[in-house]
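Novice: Just passing along the structure, written as structure tokens.
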Amino acid sequence: GGDGGDGDDTGSGSKTFEAGSTMERLNKAQKIIVGTKFDQPGFGLKGLDNKPAGFDVEIGKIIADELGIAADKVEYIEAPSAVREEVLEQGKADIVVATYTINDKRKERIDFAGPYYIAGQHIMVRSDDSSITGPDSFKAGDKKVCSVQGSTPGDNIKKYLANPASPGAQLVLFDGYQKCVDALTNKQVDAVTTDNVILLGYVAKSEGKFKLTGEKFTEEPYGIGVKKGDTAFREFVNATLEKIYTDGRYAKAWQDTAGKFDSTVPQGPAVNRY
Amino acid sequence: MSVLVDHLDVFVGGFWLTFQLCILSAIGALVVGTLVAVMRISPIPPLRWIGTAYVTVFRNSPLTIVMFFAAFGLPALGSNADFLRVPGLSSVFSRLSIDLPYFRFAVIALALYTAAFVCEAIRSGINAVSPGQAEAARAIGLTFGQNLRYVVLPQAWKSAIVPLGSVIIAMIKNSALAGFFGVVGDLSNSGINLTSALGEPIIPVFIGVSIGYLVMTVPLGMLLDRVERRRAVAAR
Amino acid sequence: MSVLVDHLDVFVGGFWLTFQLCILSAIGALVVGTLVAVMRISPIPPLRWIGTAYVTVFRNSPLTIVMFFAAFGLPALGSNADFLRVPGLSSVFSRLSIDLPYFRFAVIALALYTAAFVCEAIRSGINAVSPGQAEAARAIGLTFGQNLRYVVLPQAWKSAIVPLGSVIIAMIKNSALAGFFGVVGDLSNSGINLTSALGEPIIPVFIGVSIGYLVMTVPLGMLLDRVERRRAVAAR
Amino acid sequence: MTERSEAGEVSGTTDQPLIRLDGVNKWFGPLHVLQDVDLSVARGEVVVVIGPSGSGKSTLCRAINRLEPINSGTIIFDDQPLPAEGKALARLRSEVGMVFQSFNLFAHKTILENVTLGPIKVRKEKAASARERAMKLLERVGIANQADKYPAQLSGGQQQRAAIARALAMQPKAMLFDEPTSALDPEMVGEVLDVMTSLARDGMTMVVVTHEMGFARHAANRVIFMADGQLVEDAAPDEFFANPRSERAKDFLSKILTH
Amino acid sequence: MTERSEAGEVSGTTDQPLIRLDGVNKWFGPLHVLQDVDLSVARGEVVVVIGPSGSGKSTLCRAINRLEPINSGTIIFDDQPLPAEGKALARLRSEVGMVFQSFNLFAHKTILENVTLGPIKVRKEKAASARERAMKLLERVGIANQADKYPAQLSGGQQQRAAIARALAMQPKAMLFDEPTSALDPEMVGEVLDVMTSLARDGMTMVVVTHEMGFARHAANRVIFMADGQLVEDAAPDEFFANPRSERAKDFLSKILTH
Ligand SMILES: Nc1ncnc2c1ncn2[C@@H]1O[C@H](COP(=O)(O)OP(=O)(O)OP(=O)(O)O)[C@@H](O)[C@H]1O
Ligand SMILES: Nc1ncnc2c1ncn2[C@@H]1O[C@H](COP(=O)(O)OP(=O)(O)OP(=O)(O)O)[C@@H](O)[C@H]1O
Ligand SMILES: N[C@@H](CCC(=O)O)C(=O)O
Ligand SMILES: [Mg+2]
Ligand SMILES: [Mg+2]
């Protein structure tokens, strides 16, 4: 592990890691590439300064910090939902922090540290629309819903549709959530579904035009993706998470970002050392 | 490559939807393109200008941009392209008549974009018809419209067929963009959906998707080559 | 339309990056396309087969698919396209040498895809050179390579220039796809960022983006029209 | 020649010419191709136009059915000024048959379809009666047995006769011929001239641009000599050939008559 | 004729023919274009090949420098069988000059560049000396003043003379001419034949396909008559023209000599 310095300790050479480990490689290089979302308010949203900001980004910075890498040495690349595994498998990113639900399918290709947050799938509608109360409202077949290609919510919602085998009549999938939000605004669709926290960001930005409806209907434990088989690195990230749950950095990261949409600071969930 | 076998139904479904998209867009492009070509050679200057402007804009803009305007501009203008919900057609092309307009938007974008190239192919065909043909038609008293319909266009089609074929091949390939603009279940979109959510690796999935497109384009291309070669021999 | 004024820097930056992408891809496409064309007419059958296969695959696959393979297949094969980090070139085209390979991948995909069309344009140019020229060259003892270099290609370029121009225009439009595959800050990608991140309305942003492309394609198209017309007059 | 005067009497306006050009001028850019041309052609008259290449003979011919618009002057056909465009122009054209040097048969239609297209689409005749009449015309020009072939399958002489039948099928009041035999192999010139001579004999009003001096001598009422866009001479054939008045006509005839 | 025998002596192998074809056969698909052709051409000899269209004259000519590969038989040039391909074939070709009916000058190069291209690229001569020699050759064929023009700017006769200079610049051991004058306007035929006659006089070995009977009579050592892919007759010119043995040659000559 590291030397347990606090958030202000960004000295590069002050940390030493086991020879040959990923931690040592990154520390030596003084550079880390973080894959994250570029289009999600609260978690990872890129502004025109070309720097993303959000809870996931803060988590990435904290891990970098623990590796002895300064915040301005962190590089970000976009990790859209459909290609997060590739980004890791192909070494385009060292970690992926991107509203990334831990599940077994994905674990076949990469490994997850965490979870560091438990989200759940939710539904967002226009504020004046009371006809949708939950996923079951789609069963009648007259309501249309939008999600994102290659995401678990996009796949989950299919079983609530009138005709799950050919979802095209009710489901639209774009390559990013902003397009779904546009479609909701223009009334091409009646709902957008994905994780509650992602939706909360859009609700907050919408100035009252959108609201969440019903309850969360899944559990989405967010993990930090690392290369398959890199157990030492995964353990390092897990330890880091446990540390920041208690030293206040986790709470501060939330308050500075997603906390603006959801002020209840989450309890750090127990990490899963599988 | 087991993904090709495991998810064969997804590929076949995607292929079928892309095929429908292409058929509808091709029909639209041929109709609109012919109209624009007629405008470009019409004796009425304003029609000619409109035709030229149409071709200039659509030939020189990326299809992604055209798709964007169709998918986000049309709704902003309040249209869901409901005029495409033609009752008879919908029994074959069920996607046309559903509430979600993105398939219709994709058809519109592809058809309008491709029409500019169809227009140019037909114009090149018209130019290949000897001017004496149109002159003889005028001399027996055919009007501009009759001249086009009975004399010029039937002959223009013949020499336009090879360039038109290339335009249609390009259109089939371009249809791969539809998945980015909300058309669920076409070939490239179903490819993307097999990835992260279902955990399939990208490369084999996209090899499958490529095969789907090659199955449509390569035979068409070979057909055209043969037509072209036969034409070349006949011209000797 | 105030977004055009407010964010002019974004549009100009995007335009500049797209322009760089196009220049580099065009150079690559011309070089590779010429090589493939030479292979397709070479006297060595295996080379001919490879050339034909290359053209068949790239002409008949959607560019989205080619981009996918470049963006995800190359890394899977362990390449970050570092061979494109040419020191001298990078001083002008700074994106070439950064660590993130997506710009390089986009250059590779666009160049390889476009090369197939360049090859066909050059072949059509070669076919337009009268066979007597190559025959006379062989008769004075030039080898295949010398024949191409000194006699056939210099003449083929001339009649290939108009089709080549069309190929390059198509390539400029195709470059709009790069934004979907991780090239940050090109023209269409900055359009998307303006809308999604800053909540600018979509229509004016995309009008701005279209103008950016039209600024590149329309003048080139007009130039080609003029060359073509001058050629037609000269041929009379 | 009996039928000819008959035709004139039937129309009842024998004194008014069928075609009249008054002060017609035509420019192609800077080129003054028709210069103050005055010409009138009576009903039933056969006028042959000769002159060197580029003198404006084709342009004159094409101006009469407005295939070529003119810049100034008036052209009157059958007591009506030429309409400028649209349906009226199409109707006028259907009353003036035109035969081109290069035949211009519709390449994608059979000979029979070539001949019936105008009657069916322009004159709105019934297909059956149009076909019947077309067959009679094809018989008249001697190619009834070729009716179902495509133009490319016919010899040049046969094609030109089909083109004449196509023009006749519109029952035109006048026929214009622009060098109808000069694209033909020598052995086929005769068969086309024969058809034209018989037409002239039947009283058709004809304007014929040709270099076939034999036809001009035997079938024409008048010969017009054009040079540089002007009608230089206008005389009966015997008079013209025996005794051309202008220097240019003399010069031209000396060149043409040597072969 | 003095220089001619001289040239023969220099090579020292006067008894061996420069070109020898033995049992050469060539098919285009089902078409048997060269049928068991035997032919030998001695050093310094001028052979004229005549015959009806399609009889295989061009193919024979082109087989000699392997522009057209043959199906069976052997062709020996300068005591070596023709190489099949690659550098050796290119070298062989550089020793056999060829002049085409349609000139085939390189359209994008000046006349001078046309003439120097081979010497510089194939013979690896210095540019300066190649240019100097080229100018002498252009002078010899009478177009030195056209050296910097492009082919399209020259008349047909000038182009063909340039093409001859281009072939001569490679210092070939033999020259092949395939109907070198038949694409020319009549007034230009003479200037090209003059150049060819002077070449023959200087002792160049030549195979000439031509219908110019005057040239055959005055400049050829032998005349070969081809029909249907076979060498039907092979005789001295006087003998051949005065007294053709075969029926086909008689028939052919009667048609050709009437104009
Ligand atoms: N469409 C056109 N545009 C420009 N100039 C033209 C056009 N048509 C004809 N001309 C020119 O007008 C002049 C008269 O042409 P016209 O064809 O009437 O002559 P012509 O007497 O029929 O000659 P010919 O015997 O060669 O057919 C010529 O100089 C010709 O080059
Ligand atoms: N590349 C080819 N492919 C197929 N057939 C050919 C080819 N070249 C020539 N032929 C045929 O071979 C025969 C001989 O042709 P060749 O050109 O040698 O005749 P020629 O005696 O030179 O005739 P001409 O006097 O017309 O030039 C002809 O029937 C011709 O059609
Ligand atoms: N958490 C979900 C949805 C969020 C997203 O689209 O990234 C997933 O991992 O697929
Ligand atoms: Mg004329
Ligand atoms: Mg020949």
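Residues in the structure tokens are named by chain (A, B, ... in the order shown) and by number from 1 within that chain; ligands are numbered from 1 in the order shown.
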I'd like the neighbourhood of E:Leu253 as a list of chain:residue names, where a residue qualifies if any of its atoms comes within 12 Å (using only C-alpha atoms), though same-chain residues fewer than 3 positions away should be ignored.
Specialist: E:Ile50, E:Gly51, E:Pro52, E:His211, E:Glu212, E:Met213, E:Phe225, E:Phe240, E:Phe241, E:Ala242, E:Asn243, E:Pro244, E:Arg245, E:Ser246, E:Glu247, E:Arg248, E:Ala249, E:Lys250, E:Ile256, E:Leu257, E:Thr258, E:His259
Novice: Using only C-alpha atoms, find the residues of chain D whose closest atom to chain B is at most 6 Å away, then write them as a VMD selection string.
Specialist: chain D and resid 90 to 91 93 to 94 104
Novice: Pull all heavy atoms from the residues just selected and write them as a compact mmCIF listing (two decimals), in the first residue's frame.
Specialist:
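Generated output (part.txt):
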```txt
# COMPACT_ATOMS: atom_id res chain seq x y z
N ALA D 90 -46.18 23.38 -79.12
CA ALA D 90 -46.19 21.95 -79.41
C ALA D 90 -47.19 21.65 -80.53
O ALA D 90 -46.91 20.85 -81.42
CB ALA D 90 -46.56 21.16 -78.14
N ARG D 91 -48.37 22.32 -80.51
CA ARG D 91 -49.37 22.08 -81.55
C ARG D 91 -48.83 22.52 -82.91
O ARG D 91 -48.94 21.81 -83.90
CB ARG D 91 -50.67 22.80 -81.21
CG ARG D 91 -51.86 22.21 -81.98
CD ARG D 91 -53.20 22.74 -81.49
NE ARG D 91 -53.23 23.01 -80.06
CZ ARG D 91 -53.30 24.24 -79.52
NH1 ARG D 91 -53.37 25.31 -80.29
NH2 ARG D 91 -53.32 24.40 -78.21
N ARG D 93 -45.78 22.69 -83.84
CA ARG D 93 -44.75 21.77 -84.30
C ARG D 93 -45.36 20.50 -84.86
O ARG D 93 -44.83 19.88 -85.78
CB ARG D 93 -43.80 21.42 -83.16
CG ARG D 93 -42.80 22.52 -82.91
CD ARG D 93 -41.87 22.13 -81.80
NE ARG D 93 -40.93 23.20 -81.50
CZ ARG D 93 -40.39 23.40 -80.31
NH1 ARG D 93 -40.72 22.62 -79.30
NH2 ARG D 93 -39.55 24.38 -80.13
N SER D 94 -46.48 20.08 -84.26
CA SER D 94 -47.09 18.84 -84.74
C SER D 94 -47.65 19.04 -86.15
O SER D 94 -47.94 18.07 -86.85
CB SER D 94 -48.19 18.39 -83.78
OG SER D 94 -49.32 19.23 -83.93
N ASN D 104 -32.60 10.52 -86.31
CA ASN D 104 -33.12 10.74 -84.96
C ASN D 104 -34.37 9.92 -84.67
O ASN D 104 -35.30 10.40 -84.02
CB ASN D 104 -33.44 12.22 -84.74
CG ASN D 104 -32.18 13.06 -84.71
OD1 ASN D 104 -31.08 12.52 -84.60
ND2 ASN D 104 -32.33 14.36 -84.81
```
Novice: Would you please work out which residue, of B:Leu100, B:Leu177, B:Ile122, B:Val205, is nearest to chain A when using only C-alpha atoms?
Specialist: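 Between B:Leu100, B:Leu177, B:Ile122, B:Val205, the residue approaching chain A most closely is B:Leu100.
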Novice: From a DSSP calculation on the backbone, collect every residue of stretch 40-150 of chain A in strand (DSSP E) and output the set as a ChimeraX atom specification.
Specialist: /A:40,44-46,52-53,74-78,95-96,110-119,121-126,145-148
Novice: Could you give me the residues within stretch 28-96 of chain A that DSSP places in helix (DSSP H, G or I), as an MDAnalysis selection string?
Specialist: chainID A and resid 28:29 55:66 71:73 81:89
Novice: Do you know which residues are at most 6 Å from C:Asp186 counting only C-alpha atoms, after dropping those on the same chain fewer than 4 positions away, and could you put them as a PyMOL selection string?
Specialist: chain C and resi 14+17-18+190
Novice: What is the distance, in Å and to one decimal place, between atom CA of B:Arg229 and atom CA of C:Leu63?
Specialist: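 Interatomic distance, atom CA of B:Arg229 to atom CA of C:Leu63: 27.3 Å.
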Novice: Please give me, as a PDB file with all heavy atoms, in the first residue's frame, the residues lying within 6 Å of ligand 2 when counting only C-alpha atoms and all ligand atoms.
Specialist:
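As written to disk, result_2.pdb reads:
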```pdb
ATOM      1  N   PHE E  28      -5.959 -16.140 -81.326  1.00  0.00           N
ATOM      2  CA  PHE E  28      -6.763 -15.281 -80.450  1.00  0.00           C
ATOM      3  C   PHE E  28      -8.032 -16.055 -80.167  1.00  0.00           C
ATOM      4  O   PHE E  28      -8.930 -16.105 -81.001  1.00  0.00           O
ATOM      5  CB  PHE E  28      -7.113 -13.951 -81.124  1.00  0.00           C
ATOM      6  CG  PHE E  28      -5.990 -12.966 -81.139  1.00  0.00           C
ATOM      7  CD1 PHE E  28      -5.497 -12.443 -82.321  1.00  0.00           C
ATOM      8  CD2 PHE E  28      -5.423 -12.540 -79.939  1.00  0.00           C
ATOM      9  CE1 PHE E  28      -4.463 -11.529 -82.319  1.00  0.00           C
ATOM     10  CE2 PHE E  28      -4.390 -11.617 -79.942  1.00  0.00           C
ATOM     11  CZ  PHE E  28      -3.904 -11.113 -81.128  1.00  0.00           C
ATOM     12  N   VAL E  33      -4.504 -16.982 -85.896  1.00  0.00           N
ATOM     13  CA  VAL E  33      -4.107 -15.759 -86.588  1.00  0.00           C
ATOM     14  C   VAL E  33      -2.766 -15.901 -87.306  1.00  0.00           C
ATOM     15  O   VAL E  33      -2.531 -15.285 -88.341  1.00  0.00           O
ATOM     16  CB  VAL E  33      -4.059 -14.580 -85.601  1.00  0.00           C
ATOM     17  CG1 VAL E  33      -3.826 -13.294 -86.342  1.00  0.00           C
ATOM     18  CG2 VAL E  33      -5.331 -14.510 -84.811  1.00  0.00           C
ATOM     19  N   PRO E  52      -4.567  -8.762 -97.272  1.00  0.00           N
ATOM     20  CA  PRO E  52      -5.861  -8.164 -96.919  1.00  0.00           C
ATOM     21  C   PRO E  52      -5.993  -7.900 -95.417  1.00  0.00           C
ATOM     22  O   PRO E  52      -5.243  -8.454 -94.611  1.00  0.00           O
ATOM     23  CB  PRO E  52      -6.888  -9.199 -97.385  1.00  0.00           C
ATOM     24  CG  PRO E  52      -6.129 -10.453 -97.635  1.00  0.00           C
ATOM     25  CD  PRO E  52      -4.702 -10.099 -97.859  1.00  0.00           C
ATOM     26  N   SER E  53      -6.960  -7.070 -95.093  1.00  0.00           N
ATOM     27  CA  SER E  53      -7.204  -6.730 -93.699  1.00  0.00           C
ATOM     28  C   SER E  53      -7.545  -7.981 -92.887  1.00  0.00           C
ATOM     29  O   SER E  53      -8.278  -8.850 -93.350  1.00  0.00           O
ATOM     30  CB  SER E  53      -8.385  -5.736 -93.632  1.00  0.00           C
ATOM     31  OG  SER E  53      -8.686  -5.449 -92.301  1.00  0.00           O
ATOM     32  N   GLY E  54      -6.964  -8.095 -91.697  1.00  0.00           N
ATOM     33  CA  GLY E  54      -7.252  -9.242 -90.838  1.00  0.00           C
ATOM     34  C   GLY E  54      -6.423 -10.459 -91.164  1.00  0.00           C
ATOM     35  O   GLY E  54      -6.614 -11.518 -90.569  1.00  0.00           O
ATOM     36  N   SER E  55      -5.464 -10.335 -92.083  1.00  0.00           N
ATOM     37  CA  SER E  55      -4.706 -11.530 -92.449  1.00  0.00           C
ATOM     38  C   SER E  55      -3.605 -11.832 -91.439  1.00  0.00           C
ATOM     39  O   SER E  55      -2.976 -12.883 -91.521  1.00  0.00           O
ATOM     40  CB  SER E  55      -4.122 -11.357 -93.853  1.00  0.00           C
ATOM     41  OG  SER E  55      -3.363 -10.164 -93.905  1.00  0.00           O
ATOM     42  N   GLY E  56      -3.339 -10.939 -90.508  1.00  0.00           N
ATOM     43  CA  GLY E  56      -2.357 -11.226 -89.467  1.00  0.00           C
ATOM     44  C   GLY E  56      -1.052 -10.465 -89.612  1.00  0.00           C
ATOM     45  O   GLY E  56      -0.079 -10.776 -88.918  1.00  0.00           O
ATOM     46  N   LYS E  57      -1.028  -9.457 -90.455  1.00  0.00           N
ATOM     47  CA  LYS E  57       0.212  -8.711 -90.681  1.00  0.00           C
ATOM     48  C   LYS E  57       0.681  -8.019 -89.403  1.00  0.00           C
ATOM     49  O   LYS E  57       1.848  -8.110 -89.018  1.00  0.00           O
ATOM     50  CB  LYS E  57       0.009  -7.658 -91.781  1.00  0.00           C
ATOM     51  CG  LYS E  57      -0.593  -8.199 -93.071  1.00  0.00           C
ATOM     52  CD  LYS E  57      -0.760  -7.132 -94.124  1.00  0.00           C
ATOM     53  CE  LYS E  57      -1.752  -6.034 -93.759  1.00  0.00           C
ATOM     54  NZ  LYS E  57      -3.147  -6.484 -93.635  1.00  0.00           N
ATOM     55  N   SER E  58      -0.242  -7.324 -88.745  1.00  0.00           N
ATOM     56  CA  SER E  58       0.149  -6.629 -87.516  1.00  0.00           C
ATOM     57  C   SER E  58       0.610  -7.624 -86.470  1.00  0.00           C
ATOM     58  O   SER E  58       1.601  -7.399 -85.772  1.00  0.00           O
ATOM     59  CB  SER E  58      -1.026  -5.834 -86.959  1.00  0.00           C
ATOM     60  OG  SER E  58      -1.409  -4.834 -87.853  1.00  0.00           O
ATOM     61  N   THR E  59      -0.113  -8.711 -86.361  1.00  0.00           N
ATOM     62  CA  THR E  59       0.245  -9.705 -85.352  1.00  0.00           C
ATOM     63  C   THR E  59       1.647 -10.244 -85.600  1.00  0.00           C
ATOM     64  O   THR E  59       2.438 -10.412 -84.666  1.00  0.00           O
ATOM     65  CB  THR E  59      -0.791 -10.836 -85.359  1.00  0.00           C
ATOM     66  OG1 THR E  59      -2.101 -10.257 -85.267  1.00  0.00           O
ATOM     67  CG2 THR E  59      -0.574 -11.780 -84.199  1.00  0.00           C
TER      68      THR E  59
END
```
